[in-house]
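First comes the structure, then the notes that go with it.
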Amino acid sequence: MFMSILRAVLFSGLVVIGSNARADGVPGNCSQLIVATAADWNSTRGKLQLFERAKDNWTAVDAPAPVLFGKNGLAWGSGLAGQNEPGVHKKERDGRAPAGIFAIGEVFGYEPKLPPGGDYPYHQVTEADVWSDDPRSPSYNRHIVIDPKNPPDNYTHEKMRSGDFAYHWLIEIRHNSDPPLPGAGSAIFFHIRRGVNRATTGCTTMAQPELVKLISWLRASQHPCYVLLPIDEYQKKWRQWDLPSPEKNAVAQ
């Protein structure tokens, strides 16, 4: 009996390991991929390009665009791939953008509807919409709605509508989301850059026309994902993670 139980436990462990191994990389149902690369782990800037997949082949749909990352560079994040890699990992307020592969969450914005051509889950924000960045909160790294005239005690948050032009449009990058681990980093988005040389606290930013184009391109039925890596890591992992080949990818060269 003991040996039967032991064999069952070992088999279950192998299944889990095998499942995890197969899960690494771009999911099979993802056919829209946002690819960004940085020169190295300490880079604050890089390039971003959009790809679509048909019959296991990735094709670029536009030219690379300049983007900005964390003021202290990159660190491994927690998403679809990257969380089990050795090296520096994203922490709350470390000034680093999470590297790896991530699902794309909801789009948020000040406008009543998406830009022309947009067709993606969208939430128009008000002064009541915040994103919790308090690791002590049960709502950590979640979008919540509060009473702005009577906010919870001992509570910090990221206002999603503060009049800041940079937050006019936000796209959620699902880092540390399933479920959130306290202190592992929160409120990671694509948003409008505040200047051509102004890095972020962990988001990926770009010029407004590029962000609007990205929002208009997204389709929920295509299960879009985001990959951010230093160039050397991209070269190492593109086959294993089912990324566009460097020959097709002007970003990773």
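Residues are referred to by chain and number: the chain letter is A, B, ... according to the order shown in the structure tokens, the number counts from 1 in that chain, and ligands are numbered separately from 1 in the order shown.
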
>> I'd like the contact shell of Lys248 (chain A) - 12 Å cut-off, only C-alpha atoms, skipping same-chain residues fewer than 3 positions apart - returned as JSON, numbers by chain.
In response: {"A": [35, 49, 50, 51, 52, 57, 58, 59, 60, 61, 62, 63, 64, 238, 243, 244, 245, 251, 252, 253]}

Restrict the selected residues to all heavy atoms and save them as a compact mmCIF listing (two decimals), in the first residue's frame.
```
# COMPACT_ATOMS: atom_id res chain seq x y z
N VAL A 35 6.35 42.53 -28.36
CA VAL A 35 7.74 42.15 -28.08
C VAL A 35 8.56 43.40 -27.80
O VAL A 35 8.61 44.31 -28.63
CB VAL A 35 8.35 41.37 -29.25
CG1 VAL A 35 9.81 41.04 -28.96
CG2 VAL A 35 7.57 40.10 -29.54
N GLN A 49 7.76 46.02 -30.69
CA GLN A 49 7.19 45.69 -31.98
C GLN A 49 6.02 44.73 -31.80
O GLN A 49 6.01 43.91 -30.87
CB GLN A 49 8.26 45.07 -32.89
CG GLN A 49 7.87 44.98 -34.36
CD GLN A 49 9.06 44.64 -35.24
OE1 GLN A 49 10.09 44.14 -34.75
NE2 GLN A 49 8.95 44.92 -36.52
N LEU A 50 5.03 44.80 -32.68
CA LEU A 50 3.84 43.97 -32.61
C LEU A 50 3.93 42.84 -33.62
O LEU A 50 4.36 43.04 -34.77
CB LEU A 50 2.58 44.80 -32.90
CG LEU A 50 2.42 46.08 -32.08
CD1 LEU A 50 1.11 46.78 -32.45
CD2 LEU A 50 2.48 45.80 -30.59
N PHE A 51 3.50 41.63 -33.20
CA PHE A 51 3.53 40.44 -34.04
C PHE A 51 2.18 39.74 -33.99
O PHE A 51 1.49 39.76 -32.97
CB PHE A 51 4.62 39.47 -33.57
CG PHE A 51 6.02 39.92 -33.85
CD1 PHE A 51 6.65 40.82 -33.01
CD2 PHE A 51 6.70 39.46 -34.97
CE1 PHE A 51 7.95 41.24 -33.26
CE2 PHE A 51 7.99 39.88 -35.23
CZ PHE A 51 8.62 40.77 -34.38
N GLU A 52 1.86 39.06 -35.08
CA GLU A 52 0.69 38.20 -35.14
C GLU A 52 1.12 36.82 -35.60
O GLU A 52 2.05 36.68 -36.40
CB GLU A 52 -0.37 38.78 -36.09
CG GLU A 52 -0.95 40.09 -35.58
CD GLU A 52 -1.99 40.69 -36.52
OE1 GLU A 52 -2.15 40.15 -37.65
OE2 GLU A 52 -2.63 41.68 -36.14
N ASN A 57 3.56 30.62 -37.30
CA ASN A 57 4.53 31.58 -37.83
C ASN A 57 4.20 32.99 -37.34
O ASN A 57 3.06 33.45 -37.48
CB ASN A 57 4.53 31.55 -39.36
CG ASN A 57 5.05 30.25 -39.92
OD1 ASN A 57 6.06 29.72 -39.46
ND2 ASN A 57 4.37 29.72 -40.93
N TRP A 58 5.20 33.65 -36.78
CA TRP A 58 5.04 35.02 -36.32
C TRP A 58 5.39 35.99 -37.44
O TRP A 58 6.42 35.83 -38.11
CB TRP A 58 5.94 35.30 -35.12
CG TRP A 58 5.54 34.62 -33.85
CD1 TRP A 58 6.18 33.57 -33.24
CD2 TRP A 58 4.43 34.93 -33.02
NE1 TRP A 58 5.54 33.21 -32.09
CE2 TRP A 58 4.45 34.03 -31.92
CE3 TRP A 58 3.40 35.88 -33.09
CZ2 TRP A 58 3.51 34.06 -30.92
CZ3 TRP A 58 2.45 35.90 -32.08
CH2 TRP A 58 2.52 35.00 -31.01
N THR A 59 4.57 37.01 -37.61
CA THR A 59 4.81 38.05 -38.61
C THR A 59 4.69 39.41 -37.96
O THR A 59 3.70 39.69 -37.27
CB THR A 59 3.79 37.95 -39.77
OG1 THR A 59 3.88 36.65 -40.37
CG2 THR A 59 4.07 39.02 -40.82
N ALA A 60 5.69 40.28 -38.19
CA ALA A 60 5.63 41.64 -37.65
C ALA A 60 4.56 42.43 -38.40
O ALA A 60 4.42 42.32 -39.62
CB ALA A 60 6.98 42.32 -37.80
N VAL A 61 3.79 43.22 -37.65
CA VAL A 61 2.74 44.00 -38.28
C VAL A 61 3.06 45.49 -38.31
O VAL A 61 2.26 46.28 -38.82
CB VAL A 61 1.39 43.78 -37.55
CG1 VAL A 61 0.97 42.33 -37.65
CG2 VAL A 61 1.44 44.23 -36.11
N ASP A 62 4.21 45.86 -37.78
CA ASP A 62 4.62 47.26 -37.84
C ASP A 62 6.13 47.35 -37.62
O ASP A 62 6.80 46.33 -37.40
CB ASP A 62 3.87 48.11 -36.81
CG ASP A 62 4.24 47.74 -35.37
OD1 ASP A 62 4.93 46.71 -35.17
OD2 ASP A 62 3.85 48.48 -34.45
N ALA A 63 6.66 48.55 -37.67
CA ALA A 63 8.07 48.78 -37.41
C ALA A 63 8.30 48.95 -35.91
O ALA A 63 7.37 49.29 -35.17
CB ALA A 63 8.54 50.02 -38.15
N PRO A 64 9.52 48.70 -35.42
CA PRO A 64 9.79 48.90 -34.00
C PRO A 64 9.60 50.36 -33.58
O PRO A 64 9.83 51.29 -34.36
CB PRO A 64 11.27 48.49 -33.86
CG PRO A 64 11.55 47.66 -35.05
CD PRO A 64 10.70 48.19 -36.15
N TRP A 238 14.37 32.36 -27.38
CA TRP A 238 13.31 32.53 -28.35
C TRP A 238 12.75 31.19 -28.85
O TRP A 238 11.55 31.07 -29.07
CB TRP A 238 13.76 33.41 -29.52
CG TRP A 238 14.74 32.80 -30.48
CD1 TRP A 238 16.09 32.82 -30.39
CD2 TRP A 238 14.42 32.09 -31.68
NE1 TRP A 238 16.65 32.17 -31.47
CE2 TRP A 238 15.64 31.72 -32.28
CE3 TRP A 238 13.23 31.73 -32.32
CZ2 TRP A 238 15.71 31.00 -33.47
CZ3 TRP A 238 13.29 31.03 -33.52
CH2 TRP A 238 14.51 30.67 -34.07
N LEU A 243 9.03 32.34 -29.34
CA LEU A 243 8.99 33.75 -29.71
C LEU A 243 9.33 33.92 -31.18
O LEU A 243 9.86 33.01 -31.82
CB LEU A 243 10.00 34.53 -28.85
CG LEU A 243 9.85 34.42 -27.34
CD1 LEU A 243 11.01 35.10 -26.64
CD2 LEU A 243 8.52 35.02 -26.89
N PRO A 244 9.04 35.08 -31.77
CA PRO A 244 9.49 35.33 -33.14
C PRO A 244 11.00 35.18 -33.24
O PRO A 244 11.74 35.58 -32.33
CB PRO A 244 9.06 36.79 -33.38
CG PRO A 244 7.92 37.00 -32.44
CD PRO A 244 8.24 36.20 -31.22
N SER A 245 11.47 34.60 -34.31
CA SER A 245 12.90 34.38 -34.47
C SER A 245 13.63 35.72 -34.57
O SER A 245 13.06 36.71 -35.05
CB SER A 245 13.19 33.54 -35.71
OG SER A 245 12.92 34.30 -36.88
N VAL A 251 13.41 44.04 -33.37
CA VAL A 251 13.62 44.52 -32.01
C VAL A 251 14.82 43.83 -31.37
O VAL A 251 15.61 44.45 -30.67
CB VAL A 251 12.35 44.25 -31.17
CG1 VAL A 251 12.61 44.57 -29.71
CG2 VAL A 251 11.20 45.09 -31.69
N ALA A 252 14.97 42.55 -31.60
CA ALA A 252 15.96 41.75 -30.87
C ALA A 252 17.31 41.73 -31.54
O ALA A 252 18.15 40.90 -31.22
CB ALA A 252 15.45 40.32 -30.72
N GLN A 253 17.57 42.61 -32.45
CA GLN A 253 18.85 42.63 -33.14
C GLN A 253 19.64 43.87 -32.77
O GLN A 253 19.09 44.84 -32.30
CB GLN A 253 18.62 42.57 -34.65
CG GLN A 253 17.95 41.27 -35.09
CD GLN A 253 17.64 41.26 -36.57
OE1 GLN A 253 17.99 42.16 -37.33
NE2 GLN A 253 16.95 40.20 -37.01
```

Considering only C-alpha atoms, give me a table of residues in region 155-175 of chain A that are at most 12 Å from region 179-185 of chain A, with the closest atom pair and distance in Å for each, as CSV.
```
residue,atom,partner,partner_atom,distance
A:Ile173,CA,A:Gly185,CA,11.6
A:Arg174,CA,A:Pro180,CA,9.9
A:His175,CA,A:Gly185,CA,7.6
```

Using N, CA and C atoms, can you export the residues from the last selection as a PDB file, in the first residue's frame?
```
ATOM      1  N   ILE A 173      -0.529  45.146 -17.670  1.00  0.00           N
ATOM      2  CA  ILE A 173       0.423  44.056 -17.882  1.00  0.00           C
ATOM      3  C   ILE A 173       0.305  43.154 -16.663  1.00  0.00           C
ATOM      4  N   ARG A 174      -0.106  41.905 -16.863  1.00  0.00           N
ATOM      5  CA  ARG A 174      -0.472  41.053 -15.731  1.00  0.00           C
ATOM      6  C   ARG A 174       0.763  40.409 -15.087  1.00  0.00           C
ATOM      7  N   HIS A 175       1.543  41.263 -14.435  1.00  0.00           N
ATOM      8  CA  HIS A 175       2.657  40.818 -13.588  1.00  0.00           C
ATOM      9  C   HIS A 175       2.152  40.625 -12.166  1.00  0.00           C
TER      10      HIS A 175
END
```

> Using only C-alpha atoms, which residues sit within 9 Å of Leu211 (chain A) once same-chain residues fewer than 5 positions away are excluded, as a VMD selection string?
Replying inline: chain A and resid 169 to 171 190 to 192 205 to 206 216

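Here CA of Tyr234 (chain A) is placed at a distance of 26.5 Å from CA of Gln208 (chain A).
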
Could I get the residues of region 175-224 of chain A with an atom no further than 7 Å from an atom of region 65-85 of chain A, each paired with its nearest atom pair and that distance in Å to one decimal, using only C-alpha atoms, sorted by chain and residue number, as JSON lines?
```
{"residue": "A:His175", "atom": "CA", "partner": "A:Gly79", "partner_atom": "CA", "distance": 5.2}
{"residue": "A:Asn176", "atom": "CA", "partner": "A:Ser78", "partner_atom": "CA", "distance": 5.0}
{"residue": "A:Ala199", "atom": "CA", "partner": "A:Lys71", "partner_atom": "CA", "distance": 4.8}
{"residue": "A:Thr200", "atom": "CA", "partner": "A:Gly70", "partner_atom": "CA", "distance": 4.5}
{"residue": "A:Thr201", "atom": "CA", "partner": "A:Gly70", "partner_atom": "CA", "distance": 5.0}
{"residue": "A:Gly202", "atom": "CA", "partner": "A:Gly70", "partner_atom": "CA", "distance": 4.4}
{"residue": "A:Cys203", "atom": "CA", "partner": "A:Phe69", "partner_atom": "CA", "distance": 6.1}
{"residue": "A:Thr204", "atom": "CA", "partner": "A:Phe69", "partner_atom": "CA", "distance": 5.0}
{"residue": "A:Thr205", "atom": "CA", "partner": "A:Leu68", "partner_atom": "CA", "distance": 5.2}
{"residue": "A:Met206", "atom": "CA", "partner": "A:Val67", "partner_atom": "CA", "distance": 4.8}
```

For the residues selected in the previous step, produce a file with all heavy atoms as a tab-separated table (two decimals), in the first residue's frame.
```
chain	number	residue	atom	x	y	z
A	175	HIS	N	1.54	41.26	-14.44
A	175	HIS	CA	2.66	40.82	-13.59
A	175	HIS	C	2.15	40.63	-12.17
A	175	HIS	O	1.38	41.45	-11.65
A	175	HIS	CB	3.78	41.87	-13.61
A	175	HIS	CG	4.67	41.80	-12.41
A	175	HIS	ND1	5.59	40.78	-12.23
A	175	HIS	CD2	4.76	42.59	-11.31
A	175	HIS	CE1	6.22	40.96	-11.09
A	175	HIS	NE2	5.74	42.05	-10.50
A	176	ASN	N	2.58	39.52	-11.52
A	176	ASN	CA	2.24	39.26	-10.12
A	176	ASN	C	0.73	39.32	-9.89
A	176	ASN	O	0.25	39.95	-8.95
A	176	ASN	CB	2.96	40.26	-9.19
A	176	ASN	CG	2.83	39.89	-7.73
A	176	ASN	OD1	2.78	38.72	-7.37
A	176	ASN	ND2	2.79	40.91	-6.87
A	199	ALA	N	12.46	57.72	-17.63
A	199	ALA	CA	12.15	56.32	-17.34
A	199	ALA	C	11.04	56.24	-16.30
A	199	ALA	O	10.58	57.25	-15.76
A	199	ALA	CB	13.40	55.60	-16.87
A	200	THR	N	10.63	55.02	-15.97
A	200	THR	CA	9.45	54.80	-15.14
A	200	THR	C	9.83	54.14	-13.81
A	200	THR	O	11.00	53.86	-13.54
A	200	THR	CB	8.45	53.89	-15.88
A	200	THR	OG1	8.94	52.53	-15.86
A	200	THR	CG2	8.27	54.32	-17.33
A	201	THR	N	8.83	53.83	-13.02
A	201	THR	CA	9.06	53.06	-11.79
A	201	THR	C	8.83	51.56	-12.02
A	201	THR	O	8.91	50.78	-11.08
A	201	THR	CB	8.14	53.55	-10.66
A	201	THR	OG1	6.78	53.47	-11.09
A	201	THR	CG2	8.47	54.99	-10.28
A	202	GLY	N	8.51	51.18	-13.26
A	202	GLY	CA	8.31	49.76	-13.57
A	202	GLY	C	7.43	49.50	-14.77
A	202	GLY	O	7.36	48.38	-15.26
A	203	CYS	N	6.75	50.53	-15.26
A	203	CYS	CA	5.88	50.39	-16.42
A	203	CYS	C	6.70	50.46	-17.72
A	203	CYS	O	7.88	50.77	-17.71
A	203	CYS	CB	4.82	51.48	-16.42
A	203	CYS	SG	3.64	51.35	-15.05
A	204	THR	N	6.02	50.20	-18.83
A	204	THR	CA	6.59	50.40	-20.16
A	204	THR	C	5.83	51.54	-20.81
A	204	THR	O	4.59	51.48	-20.92
A	204	THR	CB	6.46	49.13	-21.02
A	204	THR	OG1	7.19	48.06	-20.41
A	204	THR	CG2	7.00	49.36	-22.43
A	205	THR	N	6.54	52.58	-21.23
A	205	THR	CA	5.87	53.77	-21.76
A	205	THR	C	6.33	54.06	-23.17
A	205	THR	O	7.41	53.67	-23.60
A	205	THR	CB	6.12	54.99	-20.86
A	205	THR	OG1	7.52	55.31	-20.85
A	205	THR	CG2	5.65	54.73	-19.44
A	206	MET	N	5.49	54.82	-23.87
A	206	MET	CA	5.77	55.15	-25.27
A	206	MET	C	5.03	56.43	-25.62
A	206	MET	O	4.24	56.95	-24.82
A	206	MET	CB	5.32	54.00	-26.18
A	206	MET	CG	3.83	53.72	-26.14
A	206	MET	SD	3.37	52.10	-26.78
A	206	MET	CE	3.80	51.05	-25.38
```

Name the residues in contact with region 127-131 of chain A at a cut-off of 10 Å, using only C-alpha atoms, excluding same-chain residues fewer than 2 positions from it; report them as a JSON list (two decimals) with N, CA and C atoms, in the first residue's frame.
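part-v8.json was written with the following content:
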```json
[["chain", "number", "residue", "atom", "x", "y", "z"],
["A", 108, "PHE", "N", -7.77, 50.66, -19.55],
["A", 108, "PHE", "CA", -8.43, 51.69, -18.76],
["A", 108, "PHE", "C", -8.17, 53.04, -19.41],
["A", 123, "HIS", "N", -12.53, 49.82, -19.39],
["A", 123, "HIS", "CA", -13.16, 50.43, -18.22],
["A", 123, "HIS", "C", -12.79, 51.91, -18.18],
["A", 124, "GLN", "N", -13.81, 52.76, -18.25],
["A", 124, "GLN", "CA", -13.57, 54.20, -18.10],
["A", 124, "GLN", "C", -13.41, 54.52, -16.62],
["A", 125, "VAL", "N", -12.29, 55.15, -16.27],
["A", 125, "VAL", "CA", -11.99, 55.39, -14.86],
["A", 125, "VAL", "C", -12.55, 56.73, -14.39],
["A", 133, "ASP", "N", -1.33, 49.54, -4.26],
["A", 133, "ASP", "CA", 0.10, 49.23, -4.24],
["A", 133, "ASP", "C", 0.60, 48.98, -2.81],
["A", 134, "ASP", "N", -0.35, 48.69, -1.91],
["A", 134, "ASP", "CA", -0.02, 48.44, -0.50],
["A", 134, "ASP", "C", 0.07, 46.94, -0.26],
["A", 139, "SER", "N", -6.32, 43.76, -1.16],
["A", 139, "SER", "CA", -6.56, 44.15, -2.55],
["A", 139, "SER", "C", -5.27, 44.49, -3.29],
["A", 140, "TYR", "N", -4.13, 44.12, -2.70],
["A", 140, "TYR", "CA", -2.83, 44.44, -3.30],
["A", 140, "TYR", "C", -2.77, 44.02, -4.77],
["A", 141, "ASN", "N", -2.28, 44.93, -5.59],
["A", 141, "ASN", "CA", -2.13, 44.74, -7.03],
["A", 141, "ASN", "C", -3.45, 44.39, -7.71],
["A", 142, "ARG", "N", -4.50, 45.05, -7.25],
["A", 142, "ARG", "CA", -5.82, 44.89, -7.85],
["A", 142, "ARG", "C", -6.44, 46.26, -8.14],
["A", 143, "HIS", "N", -7.27, 46.30, -9.17],
["A", 143, "HIS", "CA", -8.11, 47.47, -9.43],
["A", 143, "HIS", "C", -9.28, 47.42, -8.46],
["A", 144, "ILE", "N", -9.48, 48.50, -7.73],
["A", 144, "ILE", "CA", -10.62, 48.57, -6.82],
["A", 144, "ILE", "C", -11.28, 49.94, -6.95],
["A", 145, "VAL", "N", -12.49, 50.03, -6.45],
["A", 145, "VAL", "CA", -13.24, 51.28, -6.46],
["A", 145, "VAL", "C", -13.49, 51.68, -5.01],
["A", 146, "ILE", "N", -13.10, 52.91, -4.68],
["A", 146, "ILE", "CA", -13.24, 53.42, -3.31],
["A", 146, "ILE", "C", -14.09, 54.68, -3.31],
["A", 147, "ASP", "N", -14.39, 55.16, -2.13],
["A", 147, "ASP", "CA", -15.00, 56.48, -1.97],
["A", 147, "ASP", "C", -13.86, 57.48, -1.86],
["A", 148, "PRO", "N", -13.61, 58.29, -2.90],
["A", 148, "PRO", "CA", -12.45, 59.19, -2.84],
["A", 148, "PRO", "C", -12.54, 60.23, -1.74],
["A", 149, "LYS", "N", -13.75, 60.49, -1.24],
["A", 149, "LYS", "CA", -13.91, 61.45, -0.16],
["A", 149, "LYS", "C", -13.70, 60.81, 1.21],
["A", 151, "PRO", "N", -11.42, 57.64, 1.83],
["A", 151, "PRO", "CA", -10.61, 56.46, 1.51],
["A", 151, "PRO", "C", -10.32, 55.64, 2.75],
["A", 156, "THR", "N", -2.48, 53.07, 0.84],
["A", 156, "THR", "CA", -1.84, 53.77, -0.27],
["A", 156, "THR", "C", -2.39, 53.20, -1.56],
["A", 157, "HIS", "N", -2.40, 54.00, -2.57],
["A", 157, "HIS", "CA", -2.95, 53.55, -3.84],
["A", 157, "HIS", "C", -2.41, 54.40, -4.99],
["A", 158, "GLU", "N", -2.59, 53.89, -6.16],
["A", 158, "GLU", "CA", -2.25, 54.58, -7.38],
["A", 158, "GLU", "C", -3.53, 55.09, -7.99],
["A", 159, "LYS", "N", -3.70, 56.39, -8.01],
["A", 159, "LYS", "CA", -4.90, 56.96, -8.62],
["A", 159, "LYS", "C", -4.88, 56.70, -10.12],
["A", 160, "MET", "N", -5.99, 56.25, -10.63],
["A", 160, "MET", "CA", -6.08, 55.94, -12.05],
["A", 160, "MET", "C", -6.65, 57.09, -12.86],
["A", 161, "ARG", "N", -7.19, 58.08, -12.17],
["A", 161, "ARG", "CA", -7.63, 59.31, -12.85],
["A", 161, "ARG", "C", -7.29, 60.50, -11.96],
["A", 162, "SER", "N", -6.11, 61.04, -12.19],
["A", 162, "SER", "CA", -5.64, 62.16, -11.38],
["A", 162, "SER", "C", -5.41, 63.41, -12.21],
["A", 163, "GLY", "N", -5.80, 63.36, -13.49],
["A", 163, "GLY", "CA", -5.53, 64.47, -14.39],
["A", 163, "GLY", "C", -4.18, 64.37, -15.07],
["A", 186, "SER", "N", 3.61, 45.85, -8.18],
["A", 186, "SER", "CA", 2.21, 46.12, -8.50],
["A", 186, "SER", "C", 2.09, 47.26, -9.49],
["A", 187, "ALA", "N", 0.87, 47.40, -10.04],
["A", 187, "ALA", "CA", 0.51, 48.52, -10.91],
["A", 187, "ALA", "C", 1.47, 48.64, -12.10],
["A", 188, "ILE", "N", 1.57, 47.57, -12.87],
["A", 188, "ILE", "CA", 2.43, 47.54, -14.05],
["A", 188, "ILE", "C", 1.56, 47.70, -15.29]]
```

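Straight-line separation from CA of Asp119 (chain A) to CA of Ser221 (chain A): 9.8 Å.
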
>> Give me, as a count of residues only, the residues of region 33-241 of chain A that a backbone DSSP run labels strand (DSSP E or B).
In response: 78

> Out of A:Arg93, A:Ala207, A:Ile101, A:Leu218, which residue has the shortest atom-to-atom distance to Lys47 (chain A) when counting only C-alpha atoms?
Replying inline: A:Ala207

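Note that CA of Tyr120 (chain A) and CA of Tyr167 (chain A) are 17.7 Å apart.
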
>> Considering only alpha helix (DSSP H) as DSSP defines it on the backbone, what residues of region 33-232 of chain A qualify? List them as a PyMOL selection string.
In response: chain A and resi 208-217+231-232

Store the residues picked out above, limited to N, CA, C and O atoms, as a compact mmCIF listing (two decimals), in the first residue's frame.
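Final output, selection-v3.txt:
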```txt
# COMPACT_ATOMS: atom_id res chain seq x y z
N GLN A 208 2.22 58.80 -27.25
CA GLN A 208 0.78 58.57 -27.28
C GLN A 208 0.30 57.93 -28.58
O GLN A 208 -0.52 56.99 -28.52
N PRO A 209 0.74 58.36 -29.77
CA PRO A 209 0.24 57.71 -30.99
C PRO A 209 0.54 56.21 -31.02
O PRO A 209 -0.28 55.42 -31.52
N GLU A 210 1.70 55.81 -30.50
CA GLU A 210 2.05 54.39 -30.49
C GLU A 210 1.16 53.61 -29.53
O GLU A 210 0.75 52.47 -29.80
N LEU A 211 0.85 54.22 -28.38
CA LEU A 211 -0.01 53.54 -27.41
C LEU A 211 -1.44 53.40 -27.95
O LEU A 211 -2.07 52.35 -27.81
N VAL A 212 -1.95 54.45 -28.59
CA VAL A 212 -3.29 54.39 -29.17
C VAL A 212 -3.35 53.32 -30.26
O VAL A 212 -4.33 52.57 -30.35
N LYS A 213 -2.30 53.24 -31.07
CA LYS A 213 -2.25 52.21 -32.11
C LYS A 213 -2.26 50.82 -31.49
O LYS A 213 -2.96 49.91 -31.98
N LEU A 214 -1.54 50.63 -30.40
CA LEU A 214 -1.51 49.35 -29.71
C LEU A 214 -2.90 48.99 -29.18
O LEU A 214 -3.37 47.85 -29.34
N ILE A 215 -3.58 49.95 -28.56
CA ILE A 215 -4.92 49.69 -28.02
C ILE A 215 -5.88 49.30 -29.13
O ILE A 215 -6.69 48.37 -28.98
N SER A 216 -5.81 50.00 -30.25
CA SER A 216 -6.71 49.71 -31.37
C SER A 216 -6.45 48.35 -31.99
O SER A 216 -7.35 47.76 -32.60
N TRP A 217 -5.24 47.84 -31.83
CA TRP A 217 -4.84 46.56 -32.42
C TRP A 217 -5.26 45.37 -31.56
O TRP A 217 -5.52 44.28 -32.08
N ILE A 231 18.34 41.72 -24.69
CA ILE A 231 18.62 41.09 -25.99
C ILE A 231 19.30 39.74 -25.82
O ILE A 231 18.95 38.76 -26.49
N ASP A 232 20.28 39.64 -24.92
CA ASP A 232 20.98 38.36 -24.73
C ASP A 232 20.03 37.27 -24.29
O ASP A 232 20.13 36.12 -24.74
```

>> Using only C-alpha atoms for the distances, tell me which of A:His168, A:Arg53, A:Lys90, A:Arg193 is nearest to Gly109 (chain A).
In response: A:His168

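Closest approach to His89 (chain A) among A:Cys30, A:Ser177, A:Pro152, A:Trp41 is made by A:Trp41 (distances from only C-alpha atoms).
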